[in-house]
Number of protein chains: 2
Amino acid sequence: MAEEKPLATLDEMRALMAHLPGPDLEAGTAAAAREAQLTKPAGALGRLEELVQWMATWQGKHPPTIEHPRTAVFAGNHGVAARGVSAFPADVTAQMVQNFIRGGAAVNQLCEAVSADLRVYEMALDEPTADFTTAPAMSDEDCALALAYGMMAVEPGIDLLALGEMGIANTTAAAALCCALFGGSAAEWVGPGTGVAGAVLERKVAVVGEAVGRHRGEATDAFDLLRRLGGRELAAITGAIIAARRARVPVVLDGYATTAAAAVLFALDRRALDHCIVAHRSAEPGHTRLLQALGKAPLFDLGMRLGEASGATLAIGILKSALACHTGMATFAEAGVSGKED
Amino acid sequence: MAEEKPLATLDEMRALMAHLPGPDLEAGTAAAAREAQLTKPAGALGRLEELVQWMATWQGKHPPTIEHPRTAVFAGNHGVAARGVSAFPADVTAQMVQNFIRGGAAVNQLCEAVSADLRVYEMALDEPTADFTTAPAMSDEDCALALAYGMMAVEPGIDLLALGEMGIANTTAAAALCCALFGGSAAEWVGPGTGVAGAVLERKVAVVGEAVGRHRGEATDAFDLLRRLGGRELAAITGAIIAARRARVPVVLDGYATTAAAAVLFALDRRALDHCIVAHRSAEPGHTRLLQALGKAPLFDLGMRLGEASGATLAIGILKSALACHTGMATFAEAGVSGKED
């Protein structure tokens with residue numbers, strides 16, 4: 001009898017990384033050319049102008065569009081939650097998914113405010129990943145399946161993707177992943193998450209140190225670290241970012257856990273996140289360190305630390321406003337406005 | 001024959017300042033109480049939560065509303081423009097007003113994006129104020145009329161007011177006003193505005209220094225400084241802020257010129273701007289110094305420096321999103337989500 005072939009493998013994901021599409025510089029240049037003609041001093045809309053150029057570059061068209069923005073929230077449970085690293089019980093992951101489905105969470109209101117399509121992806125919540133202090137969180141196939149599942153969020157027609165997560169204990173996983181990817185001490189990457197302090201925070205630091213010590217030496221690459229220290233929802237985010245790059249869909253990353261999932265790709269290819277922006281600086285302290293490692297400047301810092309794509313969805317509104325200026329403004333010639341004096 | 005009574009006087013404005021309504025702490029407390037029950041870790045929406053509490057406090061009701069937000073843009077011309085302090089000719093003020101009316105400016109697109117009602121107030125553009133290096137920019141009555149005109153922007157029914165301006169040379173006026181109000185050298189308050197550099201920037205610094213030197217010693221108070229160094233659109237903004245306080249309408253301030261107009265009230269009463277937030281940190285360097293003087297932390301910093309209420313209007317979208325979370329989210333009890341573990 002032939003051995004059963006796995007449905008997906010990490011090697012398949014590794015192969016995809018060798019063929020990531022690059023920027024469409026022509027579309028970006030077309031955006032910059034129009035920008036220069038609009039009725040405002042050159043550069044006066046600041047980062048809004050850069051965002052439009054970035055969207056054109058990674059959608060590969062000018063003008064870019066935001067007609068079908070999607071917010072994708074992946075939810076997963078973590079074996080390490082049993083170590084008591086969160087302020088909330090693990091049941092809250094499933095309860096919050098129900099809250100998303102019934103429309104009662106922050107992300108529901110934010111999606112409505114910016115007219116984004118919300119999709120929630122529940123990932124085997126009854127079967128948490130293994131406690132990564134004692135074993136890899138996932139098998140190779142489990143991790144590859146989670147990546148593939150995340151890729152499915154990039155359906156034809158969507159033109160902007162905001163990514164976020166829900167998963168009790170996943171800032172512990174994020175901290176472990178970042179510590180293993182970028183070095184430094186566990187304490188430098190661990191923060192309060194949903195609100196732990198004192199002895200629980202100390203335990204969280206110890207758990208992350210233990211996990212990184214166990215797996216860092218054995219891991220073969222960043223995908224293997226994702227498998228060992230990540231979780232299904234984090235792997236799904238990693239997969240969604242790969243799929244978005246291939247489909248020319250710009251990505252807006254949310255906070256610490258989401259950016260940590262993205263960092264796996266950065267560790268493999270320094271240009272792999274060029275189609276991604278980070279919406280905001282999370283109040284979770286590790287996020288600032290991670291943004292420095294990635295060389296990403298967030299759009300805003302409002303002290304948010306909720307996850308569930310809340311910051312990324314808020315950023316969709318800013319992107320829409322930026323694009324509305326670019327496409328709707330009159331040029332100096334159209335408006336009969338005098339240009340800058342020499 | 002009796003002497004003709006002026007239509008408005010600065011003394012009337014001074015009298016209003018003695019009776020500014022205070023905060024409605026009960027409404028603010030009601031907002032905080034609801035916030036604590038919503039399905040998220042306490043404080044996880046960061047500044048979004050504070051914004052809702054601020055709106056409740058200054059609208060004097062819970063929940064606050066953003067059903068009729070207005071963006072008001074005041075346009076004025078400045079005699080000092082003749083000194084060659086701007087990159088653009090003074091004609092551009094009137095040309096941009098026509099652009100606003102025809103819907104071609106950035107603020108038009110931004111208002112549409114956040115469903116704000118845009119009103120543009122054109123203030124005697126054919127009669128620039130006097131060049132304040134040689135005389136006060138306005139008479140007492142002219143300044144008082146401009147303040148009163150600005151007050152009319154606060155019509156019954158509006159529940160949020162975004163303020164901005166258009167006026168060639170008005171960052172020169174803003175710098176002069178700030179320098180006179182808060183001290184420091186002219187160079188510390190002067191920046192590129194629409195994009196001046198080199199010799200023009202040096203001239204702008206010299207002009208501000210000259211103006212402040214002439215008027216600071218003679219001015220009787222901050223309103224008198226506004227009259228001497230401001231302009232009609234700046235005085236109108238000052239007036240709109242007073243009227244909004246009296247009508248319980250929270251205010252969103254735009255960039256450097258708008259915040260400078262607001263600073264006049266701060267100089268008279270340290271609590272006079274408590275119903276105002278500053279939307280963004282302008283790229284104009286004097287704005288950072290001014291924000292420090294006022295103790296205001298802007299909502300975002302996207303390197304914008306356009307004026308015309310562009311940043312303030314963008315902020316309306318953030319405020320709407322914050323409010324949508326507050327009013328639309330389920331409570332822990334409603335959603336059957338477990339609370340924080342002890």
# chains A, B, ... in the order shown; residues from 1 in each chain; ligands from 1
>>> residues_around(residues="B:Ala31", least_positions_apart="2", cutoff="9 Å", atoms="only C-alpha atoms", output="PyMOL selection string")
chain B and resi 26-29+33-36+49+52-54+56-57+62-64+326
>>> closest_atom_pairs(of="chain A", to="chain B", cutoff="7 Å", atoms="only C-alpha atoms", output="JSON lines")
{"residue": "A:Thr39", "atom": "CA", "partner": "B:Ala105", "partner_atom": "CA", "distance": 6.5}
{"residue": "A:Lys40", "atom": "CA", "partner": "B:Leu306", "partner_atom": "CA", "distance": 6.9}
{"residue": "A:Pro41", "atom": "CA", "partner": "B:Thr194", "partner_atom": "CA", "distance": 5.7}
{"residue": "A:Ala44", "atom": "CA", "partner": "B:Arg305", "partner_atom": "CA", "distance": 4.9}
{"residue": "A:Leu45", "atom": "CA", "partner": "B:Met304", "partner_atom": "CA", "distance": 4.6}
{"residue": "A:Gly46", "atom": "CA", "partner": "B:Met304", "partner_atom": "CA", "distance": 4.5}
{"residue": "A:Arg47", "atom": "CA", "partner": "B:Leu302", "partner_atom": "CA", "distance": 5.1}
{"residue": "A:Ala87", "atom": "CA", "partner": "B:Lys340", "partner_atom": "CA", "distance": 5.5}
{"residue": "A:Phe88", "atom": "CA", "partner": "B:Lys340", "partner_atom": "CA", "distance": 4.9}
{"residue": "A:Pro89", "atom": "CA", "partner": "B:Glu341", "partner_atom": "CA", "distance": 6.9}
{"residue": "A:Val92", "atom": "CA", "partner": "B:Ser338", "partner_atom": "CA", "distance": 6.1}
{"residue": "A:Gln95", "atom": "CA", "partner": "B:Val337", "partner_atom": "CA", "distance": 5.4}
{"residue": "A:Met96", "atom": "CA", "partner": "B:Val337", "partner_atom": "CA", "distance": 6.7}
{"residue": "A:Asn99", "atom": "CA", "partner": "B:Ala335", "partner_atom": "CA", "distance": 6.0}
{"residue": "A:Gly104", "atom": "CA", "partner": "B:Ala330", "partner_atom": "CA", "distance": 4.5}
{"residue": "A:Ala105", "atom": "CA", "partner": "B:Met329", "partner_atom": "CA", "distance": 5.2}
{"residue": "A:Ala106", "atom": "CA", "partner": "B:Cys325", "partner_atom": "CA", "distance": 5.2}
{"residue": "A:Gln109", "atom": "CA", "partner": "B:Cys325", "partner_atom": "CA", "distance": 5.4}
{"residue": "A:Leu110", "atom": "CA", "partner": "B:Ser321", "partner_atom": "CA", "distance": 5.7}
{"residue": "A:Ala113", "atom": "CA", "partner": "B:Ser321", "partner_atom": "CA", "distance": 5.9}
{"residue": "A:Thr194", "atom": "CA", "partner": "B:Pro41", "partner_atom": "CA", "distance": 5.7}
{"residue": "A:Phe300", "atom": "CA", "partner": "B:Phe300", "partner_atom": "CA", "distance": 5.5}
{"residue": "A:Asp301", "atom": "CA", "partner": "B:Phe300", "partner_atom": "CA", "distance": 6.9}
{"residue": "A:Leu302", "atom": "CA", "partner": "B:Arg47", "partner_atom": "CA", "distance": 5.1}
{"residue": "A:Gly303", "atom": "CA", "partner": "B:Gly46", "partner_atom": "CA", "distance": 4.5}
{"residue": "A:Met304", "atom": "CA", "partner": "B:Gly46", "partner_atom": "CA", "distance": 4.5}
{"residue": "A:Arg305", "atom": "CA", "partner": "B:Ala44", "partner_atom": "CA", "distance": 4.9}
{"residue": "A:Leu306", "atom": "CA", "partner": "B:Ala44", "partner_atom": "CA", "distance": 4.9}
{"residue": "A:Gly317", "atom": "CA", "partner": "B:Gly317", "partner_atom": "CA", "distance": 6.9}
{"residue": "A:Ser321", "atom": "CA", "partner": "B:Leu110", "partner_atom": "CA", "distance": 5.7}
{"residue": "A:Ala324", "atom": "CA", "partner": "B:Gln109", "partner_atom": "CA", "distance": 5.6}
{"residue": "A:Cys325", "atom": "CA", "partner": "B:Ala106", "partner_atom": "CA", "distance": 5.2}
{"residue": "A:Gly328", "atom": "CA", "partner": "B:Gln109", "partner_atom": "CA", "distance": 6.2}
{"residue": "A:Met329", "atom": "CA", "partner": "B:Gly104", "partner_atom": "CA", "distance": 4.6}
{"residue": "A:Ala330", "atom": "CA", "partner": "B:Gly104", "partner_atom": "CA", "distance": 4.5}
{"residue": "A:Ala335", "atom": "CA", "partner": "B:Asn99", "partner_atom": "CA", "distance": 6.0}
{"residue": "A:Val337", "atom": "CA", "partner": "B:Gln95", "partner_atom": "CA", "distance": 5.4}
{"residue": "A:Ser338", "atom": "CA", "partner": "B:Val92", "partner_atom": "CA", "distance": 6.1}
{"residue": "A:Gly339", "atom": "CA", "partner": "B:Phe88", "partner_atom": "CA", "distance": 6.7}
{"residue": "A:Lys340", "atom": "CA", "partner": "B:Phe88", "partner_atom": "CA", "distance": 4.9}
{"residue": "A:Glu341", "atom": "CA", "partner": "B:Phe88", "partner_atom": "CA", "distance": 5.5}
>>> atom_distance(atom1="atom CA of B:Ile158", atom2="atom CA of B:Cys276")
15.1 Å
>>> residues_around(residues="B:Val190", least_positions_apart="6", cutoff="8 Å", atoms="only C-alpha atoms", output="VMD selection string")
chain B and resid 171 to 172 175 204 to 205 208 285 to 286
>>> write_last_selection(atoms="N, CA, C and O atoms", output="CSV table (one decimal), in the first residue's frame")
chain,number,residue,atom,x,y,z
B,171,THR,N,-0.1,80.9,7.1
B,171,THR,CA,0.9,80.3,8.1
B,171,THR,C,1.8,81.4,8.6
B,171,THR,O,2.4,81.2,9.7
B,172,THR,N,2.0,82.4,7.8
B,172,THR,CA,2.8,83.6,8.4
B,172,THR,C,2.0,84.2,9.5
B,172,THR,O,2.6,84.5,10.6
B,175,ALA,N,2.1,81.9,12.5
B,175,ALA,CA,3.4,81.9,13.2
B,175,ALA,C,3.6,83.2,14.0
B,175,ALA,O,4.0,83.2,15.2
B,204,LYS,N,10.2,85.3,5.3
B,204,LYS,CA,9.0,84.9,6.1
B,204,LYS,C,9.4,85.1,7.6
B,204,LYS,O,8.6,85.6,8.4
B,205,VAL,N,10.5,84.6,8.0
B,205,VAL,CA,11.0,84.7,9.4
B,205,VAL,C,11.1,86.2,9.7
B,205,VAL,O,10.7,86.6,10.8
B,208,VAL,N,7.7,87.9,10.2
B,208,VAL,CA,7.1,87.5,11.4
B,208,VAL,C,7.8,88.2,12.6
B,208,VAL,O,7.1,88.8,13.5
B,285,PRO,N,6.4,72.7,11.1
B,285,PRO,CA,7.1,72.4,12.3
B,285,PRO,C,6.5,73.2,13.5
B,285,PRO,O,6.5,72.7,14.7
B,286,GLY,N,6.0,74.4,13.3
B,286,GLY,CA,5.5,75.2,14.4
B,286,GLY,C,4.3,74.5,15.1
B,286,GLY,O,4.0,74.8,16.2
>>> atom_distance(atom1="atom CA of B:Pro6", atom2="atom CA of B:Ala262")
24.5 Å
>>> atom_distance(atom1="atom CA of B:Leu225", atom2="atom CA of B:Thr133")
13.0 Å
>>> residues_around(residues="A:Ala148", least_positions_apart="5", cutoff="8 Å", atoms="only C-alpha atoms", output="ChimeraX atom specification")
/A:8,236,239
>>> select_by_dssp(residues="stretch 41-232 of chain A", states="strand (DSSP E or B)", output="PyMOL selection string")
chain A and resi 69-76+117-123+160-166
>>> write_last_selection(atoms="C-alpha atoms", output="compact mmCIF listing (two decimals), in the first residue's frame")
# COMPACT_ATOMS: atom_id res chain seq x y z
CA PRO A 69 -12.24 45.51 0.88
CA ARG A 70 -12.32 42.47 3.12
CA THR A 71 -11.52 42.07 6.78
CA ALA A 72 -10.48 38.51 7.58
CA VAL A 73 -10.30 37.42 11.21
CA PHE A 74 -8.79 34.01 11.95
CA ALA A 75 -9.49 32.35 15.29
CA GLY A 76 -7.49 29.55 16.86
CA ASP A 117 -16.83 42.67 4.12
CA LEU A 118 -16.11 40.75 7.34
CA ARG A 119 -15.18 37.08 7.24
CA VAL A 120 -14.45 35.08 10.35
CA TYR A 121 -12.50 31.83 10.02
CA GLU A 122 -12.86 29.48 12.95
CA MET A 123 -9.99 26.99 13.03
CA LEU A 160 -7.81 45.20 -0.18
CA LEU A 161 -7.34 42.75 2.69
CA ALA A 162 -7.27 43.66 6.38
CA LEU A 163 -5.96 40.82 8.53
CA GLY A 164 -6.51 40.09 12.18
CA GLU A 165 -6.93 37.32 14.72
CA MET A 166 -8.64 36.07 17.84
>>> residues_around(residues="B:Ile237", least_positions_apart="4", cutoff="7 Å", atoms="only C-alpha atoms", output="short mmCIF file (atom, residue, chain, number, x, y, z; two decimals) with C-alpha atoms, in the first residue's frame")
data_model
loop_
_atom_site.label_atom_id
_atom_site.label_comp_id
_atom_site.auth_asym_id
_atom_site.auth_seq_id
_atom_site.Cartn_x
_atom_site.Cartn_y
_atom_site.Cartn_z
CA GLY B 150 -17.50 82.26 12.45
CA LEU B 163 -12.65 73.41 11.48
CA GLU B 233 -10.53 83.33 8.58
CA ILE B 241 -14.88 77.47 18.76
CA THR B 258 -6.49 76.46 12.77
CA ALA B 261 -6.62 80.53 15.99
#
>>> select_by_dssp(residues="stretch 88-271 of chain A", states="helix (DSSP H, G or I)", output="NGL selection string")
:A and (91-102 or 106-114 or 140-151 or 170-182 or 186-189 or 198-215 or 222-229 or 232-246 or 256-268)
>>> closest_residue(among="B:Ala180, B:Met151, B:Ile66, B:Ala206", to="B:Thr238", atoms="only C-alpha atoms")
B:Met151
>>> residues_around(residues="A:Phe223", least_positions_apart="3", cutoff="8 Å", atoms="only C-alpha atoms", output="ChimeraX atom specification")
/A:10,14,226-227,264
